Amino acid sequence: MHSDIAKFVDAASGGAVLSDAEVLGLEADLPLAELMAAAGHVRDIGRPGIVSYSPKVFLPLTFLCRDSCHYCTFAKAPRSLKSPYMAIDEMVAIARRGAEVGCREALFTLGDQPELRYRAARDALAALGHATTLDYVEQAARAVHEATGLLPHVNPGVMPAASLAAMRSVSVSGGLMLESTSQRLCKRGGPHYGSPDKVPSVRLETLREAGRQNIPFTSGILIGIGETRRERLESLLAIRAIHAEFGHIQEIIIQNFAPKPGTKMAGAPAPTLAEHLWTVAVARLMFGPGMSIQAPPNLQPEGLRQLIDAGINDWGGVSPVTPDHVNPEAPWPEVERVRAVTEGAGKTLVPRLAVYPEYIRDLPKWVAPGFHTAILRSIDSEGYAREDQWYSGAATTELPPDSVRLLNSLAPRAVSALDRILFRARDGARLSEGEITRLFEARGSEFTRVVKAADALRRQVCGDTVTYVVNRNISYTNICYFKCAFCAFSKGQGSNDLRGAPYNLDLTVIAGRVREACERGATEVCMQGGIHPSYTGETYLSICRAAKQAVPDIHIHAFSPLEIWQGATTIGLPLREYLERLKAAGLATLPGTAAEILDEDVRRRICADKITTAQWVEVIETAHAVGLCTTATIMFGHVESPVHWARHLLTVRDLQARSGGFTEFVPLPFVHMEAPMYRKGRARKGPTFREAVLMHSIARLALHPLVTNIQASWVKMGAQGVLACLQAGANDLGGTLMNEYISRSAGASHGQEMLPSDLELMIAGIGRRARQRTTLYGIVPAGEALLARRA
């Protein structure tokens with residue numbers, strides 16, 4: 001590799017930014033193939049594995065424009081139009097068609113301030129009740145979103161501060177192509193002569209003001225209109241400087257000029273593919289791995305693969321409903337063709353919203369509050385568009401066909417960077433936070449690689465036996481004074497509209513349910529409840545004694561770390577002493593619930609008054625120290641992201657390395673339907689199916705060899721879902737439950753009990769062997785196992 005190019009790659013790899021002088025040095029005649037390879041490498045540092053696009057409808061609110069760009073066929077005179085402005089009803093109808101076929105974005109594109117040039121525009125606006133085109137854009141964007149749910153992205157041209165503020169209230173993002181900072185192009189004979197809105201200083205000020213107002217913004221350059229390579233670099237540097245100040249440029253478009261008949265530049269040569277690739281590559285090198293670099297696929301249809309190689313990571317908007325009104329001669333390529341080219345380059349094509357994931361991660365800063373719920377309900381954990389309609393706990397048993405296909409595919413043979421992480425996991429290494437996060441980003445063939453590696457490891461560690469325990473859930477109270485935002489089970493002030501009435505079981509009822517469980521062959525009772533205001537540490541001791549008096553041999557698997565912490569606190573005992581008392585009273589193991597996400601940033605949002613991560617760890621580690629084994633859980637798919645999952649898994653792994661007391665890891669997908677934070681518009685719709693399966697797979701990989709059992713919850717995943725997990729790293733199906741209230745309170749539709757015979761039939765259906773186990777994974781005496789089957 002050329003020494004200058006290698007220097008640029010090293011700088012980007014280390015997080016450094018090329019200086020302006022180094023960027024201008026890219027004008028030198030460097031080998032294009034090496035530039036492209038370097039740009040692709042830099043892109044993959046920050047955006048490996050995927051190329052995104054936005055399924056959209058294109059709404060040309062008006063074709064009128066006060067500018068006269070010499071290459072443009074979008075702008076038209078009033079006499080050639082049926083109406084100066086598109087009617088809102090017409091825009092809504094187009095947007096509805098788009099929503100029906102999966103579009104997520106409504107792109108409003110229009111000419112700059114036509115009322116300043118045309119009387120027809122002023123008269124039409126007056127008839128519509130508006131003084132300016134920008135006022136009408138505001139009304140139209142609001143109407144389209146309210147009627148269809150599509151998220152508006154507005155491109156109305158140059159805007160003053162007040163108009164930008166108005167646009168921010170009705171859209172999730174905006175855009176203004178800089179095109180070029182070359183003043184030369186604005187002079188007589190240049191393509192921007194006679195176009196006051198193309199004066200570079202005017203456009204740059206709009207970009208700056210968008211930054212001041214925290215509006216996620218698109219910009220870019222138009223190449224091949226007479227500018228030099230140096231002028232391209234200077235234009236990109238101007239955008240980079242503004243982005244460095246405000247951080248709001250979410251994508252850079254490198255658009256190639258296409259000559260159009262009937263324009264003054266009809267005879268001008270189009271830029272070559274090589275020029276386009278050079279510009280994409282240098283843009284990637286100068287903006288680094290974090291910026292989204294885009295090239296419109298309809299304007300370079302024969303160069304799609306090369307554009308990926310040159311460093312793009314986004315195709316921009318592609319519409320199945322509307323043409324590209326700016327370039328009507330260039331139809332959108334079929335999405336499946338774009339997908340095939342993208343996959344041929346070793347990437348996965350992923351739909352996104354009109355606002356990029358980086359900005360979704362901080363919605364309060366970047367997006368008006370009125371859009372937050374719509375965005376959260378439209379995204380996956382990374383902030384891309386949710387692609388499936390599978391939901392944890394939902395009654396439907398149909399799995400997403402694409403995920404099923406990938407589950408059943410063979411992993412690619414070629415060794416990739418992802419495989420090196422998988423090899424380390426297989427060898428039992430402690431993966432880094434970044435490596436685990438990278439595994440969670442796996443899509444397409446990478447998803448197949450991860451699940452196949454996890455399942456191979458499961459087979460190596462656990463064989464083909466699938467275990468389960470016959471148990472009964474006993475929830476002794478649903479009254480709780482904590483205010484976990486995800487919980488639809490607990491009852492407290494203001495929660496009576498949720499499922500079920502408040503209750504508090506007395507000890508005789510608890511004892512009776514323990515006896516019933518034993519009579520039906522249960523070897524375990526799992527007992528948890530809300531934090532009742534009257535409960536103390538003595539309450540939990542009494543519950544253990546009552547259960548043991550009812551059935552002396554029953555295994556008591558009970559009390560979340562929150563209950564343990566509260567119990568010890570209320571009677572003034574150290575944790576260790578209190579746990580020893582519980583153990584003496586009959587407690588045998590603890591469920592590792594109340595973990596949710598072991599990261600304080602997330603816990604502050606979903607359970608601010610609950611025990612902290614450090615307190616959870618302290619309870620679990622102390623339990624292990626006194627001889628009480630526990631499970632470990634994660635409740636995922638609500639407000640967190642993959643990096644939080646990675647931190648959670650590492651916390652569990654590191655604790656297991658110290659104490660060795662975890663019997664299994666249990667992923668619990670968030671059931672959203674009745675959860676308060678979802679109902680208030682503050683959470684996603686649970687994990688996607690891909691994410692739910694990956695959690696089981698990556699838990700197997702990241703916790704190896706310290707945690708040997710990975711459990712799949714049939715209550716959360718459904719029958720077909722757990723079978724998929726059993727082929728992706730899981731080896732245990734948990735309990736038959738008999739009574740399961742917590743998930744059902746949150747809206748889950750799967751039953752309250754799964755008979756042993758039904759579990760075994762499911763397991764046999766995928767060619768695996770079923771084995772009833774004890775809570776500690778021991779062998780169940782033959783008589784007890786037979787009783788469970790007969791019950």
# chains A, B, ... in the order shown; residues from 1 in each chain; ligands from 1
>>> select_by_dssp(residues="stretch 317-531 of chain A", states="strand (DSSP E)", output="NGL selection string")
:A and (317-318 or 348-351 or 465-469 or 471-475 or 524-528)
>>> residues_around(residues="A:Gly637", least_positions_apart="4", cutoff="6 Å", atoms="only C-alpha atoms", output="list of chain:residue names")
A:Phe670, A:Gly686, A:Pro687
>>> write_last_selection(atoms="N, CA, C and O atoms", output="short mmCIF file (atom, residue, chain, number, x, y, z; two decimals), in the first residue's frame")
data_model
loop_
_atom_site.label_atom_id
_atom_site.label_comp_id
_atom_site.auth_asym_id
_atom_site.auth_seq_id
_atom_site.Cartn_x
_atom_site.Cartn_y
_atom_site.Cartn_z
N PHE A 670 -38.14 -9.10 26.97
CA PHE A 670 -39.14 -8.16 27.47
C PHE A 670 -40.48 -8.39 26.77
O PHE A 670 -40.55 -8.40 25.54
N GLY A 686 -40.02 -4.98 22.73
CA GLY A 686 -39.28 -6.19 23.04
C GLY A 686 -38.23 -6.44 21.97
O GLY A 686 -38.12 -5.72 20.97
N PRO A 687 -37.42 -7.49 22.16
CA PRO A 687 -36.39 -7.79 21.16
C PRO A 687 -37.00 -8.34 19.88
O PRO A 687 -38.10 -8.89 19.88
#
>>> closest_residue(among="A:Ala87, A:Val92, A:Ile308, A:Ala584", to="A:Ala127", atoms="only C-alpha atoms")
A:Ala87
>>> select_by_dssp(residues="stretch 371-541 of chain A", states="alpha helix (DSSP H)", output="PyMOL selection string")
chain A and resi 372-376+401-407+417-426+433-440+445-462+507-519+537-541
>>> residues_around(residues="stretch 543-552 of chain A", least_positions_apart="4", cutoff="7 Å", atoms="only C-alpha atoms", output="PyMOL selection string")
chain A and resi 507+511+514-515+539+585-587
>>> residues_around(residues="A:Ser697", least_positions_apart="3", cutoff="7 Å", atoms="only C-alpha atoms", output="ChimeraX atom specification")
/A:450-451,454,693-694,700-701,728-729
>>> closest_residue(among="A:Asn327, A:Ser757, A:Thr708, A:Thr322", to="A:Ala730", atoms="only C-alpha atoms")
A:Thr708
>>> closest_residue(among="A:Gly226, A:Gly512, A:Pro31, A:Gly316", to="A:Trp332", atoms="only C-alpha atoms")
A:Gly316
>>> closest_atom_pairs(of="stretch 115-211 of chain A", to="stretch 63-86 of chain A", cutoff="8 Å", atoms="only C-alpha atoms", output="Markdown table")
| residue | atom | partner | partner_atom | distance |
| --- | --- | --- | --- | --- |
| A:Glu115 | CA | A:Arg66 | CA | 7.7 |
| A:Leu116 | CA | A:Arg66 | CA | 6.6 |
| A:Arg117 | CA | A:Arg66 | CA | 5.3 |
| A:Tyr118 | CA | A:Arg66 | CA | 7.7 |
| A:Ala120 | CA | A:Pro78 | CA | 6.7 |
| A:Ala121 | CA | A:Pro84 | CA | 6.1 |
| A:Ala124 | CA | A:Pro84 | CA | 6.6 |
| A:Gly190 | CA | A:His70 | CA | 7.9 |
| A:Pro191 | CA | A:His70 | CA | 4.8 |
| A:His192 | CA | A:Cys69 | CA | 5.2 |
| A:Tyr193 | CA | A:Cys69 | CA | 7.1 |
| A:Gly194 | CA | A:Ser68 | CA | 5.8 |
| A:Ser195 | CA | A:Asp67 | CA | 4.2 |
| A:Pro196 | CA | A:Asp67 | CA | 6.5 |
| A:Asp197 | CA | A:Asp67 | CA | 6.7 |
| A:Lys198 | CA | A:Asp67 | CA | 8.0 |
>>> write_last_selection(atoms="all heavy atoms", output="compact mmCIF listing (two decimals), in the first residue's frame")
# COMPACT_ATOMS: atom_id res chain seq x y z
N GLU A 115 -42.22 31.38 -3.73
CA GLU A 115 -43.09 32.57 -3.61
C GLU A 115 -42.31 33.87 -3.80
O GLU A 115 -42.91 34.93 -4.08
CB GLU A 115 -43.80 32.57 -2.25
CG GLU A 115 -42.91 32.72 -1.04
CD GLU A 115 -42.34 31.42 -0.51
OE1 GLU A 115 -42.34 30.41 -1.28
OE2 GLU A 115 -41.89 31.39 0.65
N LEU A 116 -40.99 33.81 -3.66
CA LEU A 116 -40.18 35.01 -3.89
C LEU A 116 -39.99 35.29 -5.38
O LEU A 116 -39.53 36.38 -5.75
CB LEU A 116 -38.81 34.86 -3.22
CG LEU A 116 -38.83 34.69 -1.69
CD1 LEU A 116 -37.41 34.60 -1.15
CD2 LEU A 116 -39.58 35.85 -1.02
N ARG A 117 -40.35 34.33 -6.21
CA ARG A 117 -40.18 34.50 -7.66
C ARG A 117 -41.52 34.53 -8.41
O ARG A 117 -41.67 35.29 -9.37
CB ARG A 117 -39.32 33.36 -8.20
CG ARG A 117 -39.09 33.38 -9.70
CD ARG A 117 -38.16 32.26 -10.14
NE ARG A 117 -37.92 32.26 -11.57
CZ ARG A 117 -37.16 31.37 -12.20
NH1 ARG A 117 -36.55 30.41 -11.49
NH2 ARG A 117 -37.00 31.44 -13.51
N TYR A 118 -42.48 33.70 -7.96
CA TYR A 118 -43.69 33.50 -8.74
C TYR A 118 -44.94 34.02 -8.01
O TYR A 118 -45.20 33.64 -6.86
CB TYR A 118 -43.89 32.02 -9.05
CG TYR A 118 -42.83 31.40 -9.92
CD1 TYR A 118 -41.95 30.44 -9.40
CD2 TYR A 118 -42.68 31.76 -11.26
CE1 TYR A 118 -40.98 29.85 -10.19
CE2 TYR A 118 -41.71 31.18 -12.05
CZ TYR A 118 -40.86 30.23 -11.51
OH TYR A 118 -39.90 29.65 -12.29
N ALA A 120 -47.86 33.11 -8.91
CA ALA A 120 -48.72 31.93 -8.81
C ALA A 120 -48.49 31.19 -7.49
O ALA A 120 -49.43 30.65 -6.90
CB ALA A 120 -48.47 30.99 -9.99
N ALA A 121 -47.24 31.16 -7.04
CA ALA A 121 -46.94 30.50 -5.77
C ALA A 121 -47.54 31.29 -4.61
O ALA A 121 -48.13 30.71 -3.69
CB ALA A 121 -45.43 30.36 -5.59
N ALA A 124 -51.33 30.77 -4.61
CA ALA A 124 -51.68 29.41 -4.17
C ALA A 124 -51.51 29.26 -2.67
O ALA A 124 -52.34 28.65 -1.98
CB ALA A 124 -50.84 28.38 -4.91
N GLY A 190 -21.44 29.52 -14.95
CA GLY A 190 -21.36 28.40 -14.03
C GLY A 190 -22.73 27.79 -13.77
O GLY A 190 -23.77 28.42 -14.01
N PRO A 191 -22.78 26.57 -13.27
CA PRO A 191 -24.06 25.87 -13.09
C PRO A 191 -24.97 26.50 -12.05
O PRO A 191 -26.18 26.27 -12.07
CB PRO A 191 -23.63 24.46 -12.67
CG PRO A 191 -22.28 24.64 -12.07
CD PRO A 191 -21.64 25.74 -12.86
N HIS A 192 -24.41 27.31 -11.14
CA HIS A 192 -25.22 27.93 -10.10
C HIS A 192 -25.47 29.41 -10.35
O HIS A 192 -26.01 30.10 -9.47
CB HIS A 192 -24.54 27.75 -8.73
CG HIS A 192 -24.57 26.33 -8.25
ND1 HIS A 192 -23.64 25.83 -7.35
CD2 HIS A 192 -25.40 25.30 -8.55
CE1 HIS A 192 -23.91 24.55 -7.11
NE2 HIS A 192 -24.96 24.21 -7.83
N TYR A 193 -25.12 29.88 -11.53
CA TYR A 193 -25.37 31.29 -11.83
C TYR A 193 -26.88 31.52 -11.90
O TYR A 193 -27.62 30.76 -12.51
CB TYR A 193 -24.73 31.66 -13.17
CG TYR A 193 -24.95 33.11 -13.55
CD1 TYR A 193 -24.30 34.13 -12.88
CD2 TYR A 193 -25.83 33.44 -14.59
CE1 TYR A 193 -24.51 35.46 -13.21
CE2 TYR A 193 -26.05 34.76 -14.94
CZ TYR A 193 -25.40 35.77 -14.24
OH TYR A 193 -25.61 37.08 -14.58
N GLY A 194 -27.34 32.57 -11.22
CA GLY A 194 -28.77 32.86 -11.20
C GLY A 194 -29.52 32.08 -10.14
O GLY A 194 -30.75 32.04 -10.16
N SER A 195 -28.80 31.49 -9.20
CA SER A 195 -29.42 30.69 -8.14
C SER A 195 -28.96 31.23 -6.80
O SER A 195 -27.95 30.78 -6.24
CB SER A 195 -29.03 29.21 -8.29
OG SER A 195 -29.43 28.71 -9.54
N PRO A 196 -29.69 32.20 -6.25
CA PRO A 196 -29.23 32.85 -5.01
C PRO A 196 -29.12 31.89 -3.83
O PRO A 196 -28.34 32.15 -2.91
CB PRO A 196 -30.29 33.93 -4.77
CG PRO A 196 -31.49 33.50 -5.56
CD PRO A 196 -30.94 32.80 -6.76
N ASP A 197 -29.90 30.82 -3.86
CA ASP A 197 -29.85 29.89 -2.72
C ASP A 197 -28.68 28.92 -2.82
O ASP A 197 -28.47 28.12 -1.91
CB ASP A 197 -31.16 29.11 -2.63
CG ASP A 197 -32.34 30.03 -2.35
OD1 ASP A 197 -32.32 30.67 -1.29
OD2 ASP A 197 -33.24 30.12 -3.21
N LYS A 198 -27.91 28.97 -3.92
CA LYS A 198 -26.75 28.10 -4.06
C LYS A 198 -25.46 28.82 -3.69
O LYS A 198 -24.36 28.26 -3.83
CB LYS A 198 -26.65 27.55 -5.49
CG LYS A 198 -27.80 26.60 -5.83
CD LYS A 198 -27.84 25.39 -4.91
CE LYS A 198 -29.06 24.52 -5.12
NZ LYS A 198 -29.00 23.68 -6.31
>>> atom_distance(atom1="atom CA of A:Ala39", atom2="atom CA of A:Phe287")
10.2 Å
>>> residues_around(residues="A:Glu596", least_positions_apart="4", cutoff="12 Å", atoms="only C-alpha atoms", output="JSON, numbers by chain")
{"A": [484, 485, 486, 487, 560, 561, 562, 592, 600, 602, 603, 604, 605, 606, 607, 608, 610, 611, 612, 613, 616, 632, 633, 634, 635, 636, 637, 638, 639, 640, 644, 645, 648, 649, 666, 667, 668, 669, 670]}
>>> write_last_selection(atoms="C-alpha atoms", output="PDB file, in the first residue's frame")
ATOM      1  CA  CYS A 484     -40.229  -0.671  38.103  1.00  0.00           C
ATOM      2  CA  ALA A 485     -41.250   0.822  34.770  1.00  0.00           C
ATOM      3  CA  PHE A 486     -41.419  -2.570  33.047  1.00  0.00           C
ATOM      4  CA  CYS A 487     -43.563  -4.431  35.580  1.00  0.00           C
ATOM      5  CA  SER A 560     -35.052 -12.425  44.283  1.00  0.00           C
ATOM      6  CA  PRO A 561     -31.915 -10.534  45.325  1.00  0.00           C
ATOM      7  CA  LEU A 562     -34.183  -7.516  45.864  1.00  0.00           C
ATOM      8  CA  GLY A 592     -31.110 -14.546  39.957  1.00  0.00           C
ATOM      9  CA  GLU A 600     -26.640   1.731  36.052  1.00  0.00           C
ATOM     10  CA  VAL A 602     -30.245   1.533  32.131  1.00  0.00           C
ATOM     11  CA  ARG A 603     -31.384   0.853  35.694  1.00  0.00           C
ATOM     12  CA  ARG A 604     -31.882   4.571  36.290  1.00  0.00           C
ATOM     13  CA  ARG A 605     -34.384   4.541  33.434  1.00  0.00           C
ATOM     14  CA  ILE A 606     -36.308   1.361  34.193  1.00  0.00           C
ATOM     15  CA  CYS A 607     -35.970   0.688  37.944  1.00  0.00           C
ATOM     16  CA  ALA A 608     -34.410   3.686  39.623  1.00  0.00           C
ATOM     17  CA  LYS A 610     -34.439  -0.912  42.861  1.00  0.00           C
ATOM     18  CA  ILE A 611     -31.172  -2.373  44.095  1.00  0.00           C
ATOM     19  CA  THR A 612     -28.115  -1.298  42.142  1.00  0.00           C
ATOM     20  CA  THR A 613     -25.879  -3.530  40.089  1.00  0.00           C
ATOM     21  CA  TRP A 616     -27.321  -7.343  43.155  1.00  0.00           C
ATOM     22  CA  ALA A 632     -28.583 -15.520  36.530  1.00  0.00           C
ATOM     23  CA  THR A 633     -31.051 -13.677  34.306  1.00  0.00           C
ATOM     24  CA  ILE A 634     -31.248 -10.795  31.879  1.00  0.00           C
ATOM     25  CA  MET A 635     -34.444  -8.948  30.915  1.00  0.00           C
ATOM     26  CA  PHE A 636     -33.784  -7.363  27.540  1.00  0.00           C
ATOM     27  CA  GLY A 637     -35.388  -5.603  24.598  1.00  0.00           C
ATOM     28  CA  HIS A 638     -36.777  -2.368  26.087  1.00  0.00           C
ATOM     29  CA  VAL A 639     -34.564   0.747  26.273  1.00  0.00           C
ATOM     30  CA  GLU A 640     -31.059  -0.675  26.315  1.00  0.00           C
ATOM     31  CA  HIS A 644     -25.413  -2.960  27.804  1.00  0.00           C
ATOM     32  CA  TRP A 645     -25.997  -6.654  27.082  1.00  0.00           C
ATOM     33  CA  HIS A 648     -24.296  -7.586  31.736  1.00  0.00           C
ATOM     34  CA  LEU A 649     -22.776 -10.805  30.417  1.00  0.00           C
ATOM     35  CA  VAL A 666     -31.750 -17.390  31.679  1.00  0.00           C
ATOM     36  CA  PRO A 667     -32.499 -14.789  28.965  1.00  0.00           C
ATOM     37  CA  LEU A 668     -35.913 -13.198  29.537  1.00  0.00           C
ATOM     38  CA  PRO A 669     -37.133 -11.229  26.507  1.00  0.00           C
ATOM     39  CA  PHE A 670     -39.144  -8.155  27.468  1.00  0.00           C
TER      40      PHE A 670
END
>>> residues_around(residues="stretch 662-664 of chain A", least_positions_apart="5", cutoff="9 Å", atoms="only C-alpha atoms", output="VMD selection string")
chain A and resid 592 620 624 629 to 633 652 655 to 656 706 to 711 732 775 to 777
>>> residues_around(residues="A:Pro301", least_positions_apart="5", cutoff="9 Å", atoms="only C-alpha atoms", output="ChimeraX atom specification")
/A:296,330,332-333
>>> write_last_selection(atoms="C-alpha atoms", output="PDB file, in the first residue's frame")
ATOM      1  CA  PRO A 296     -27.678   6.979  -4.514  1.00  0.00           C
ATOM      2  CA  ALA A 330     -33.039   6.994 -13.223  1.00  0.00           C
ATOM      3  CA  TRP A 332     -34.819   3.040  -8.287  1.00  0.00           C
ATOM      4  CA  PRO A 333     -33.265  -0.409  -8.482  1.00  0.00           C
TER       5      PRO A 333
END
>>> closest_residue(among="A:His555, A:Ser392, A:Val619, A:Gly767", to="A:Met717", atoms="only C-alpha atoms")
A:Ser392
>>> atom_distance(atom1="atom CA of A:Val715", atom2="atom CA of A:Thr467")
15.9 Å
>>> atom_distance(atom1="atom CA of A:Pro705", atom2="atom CA of A:Asn731")
14.2 Å
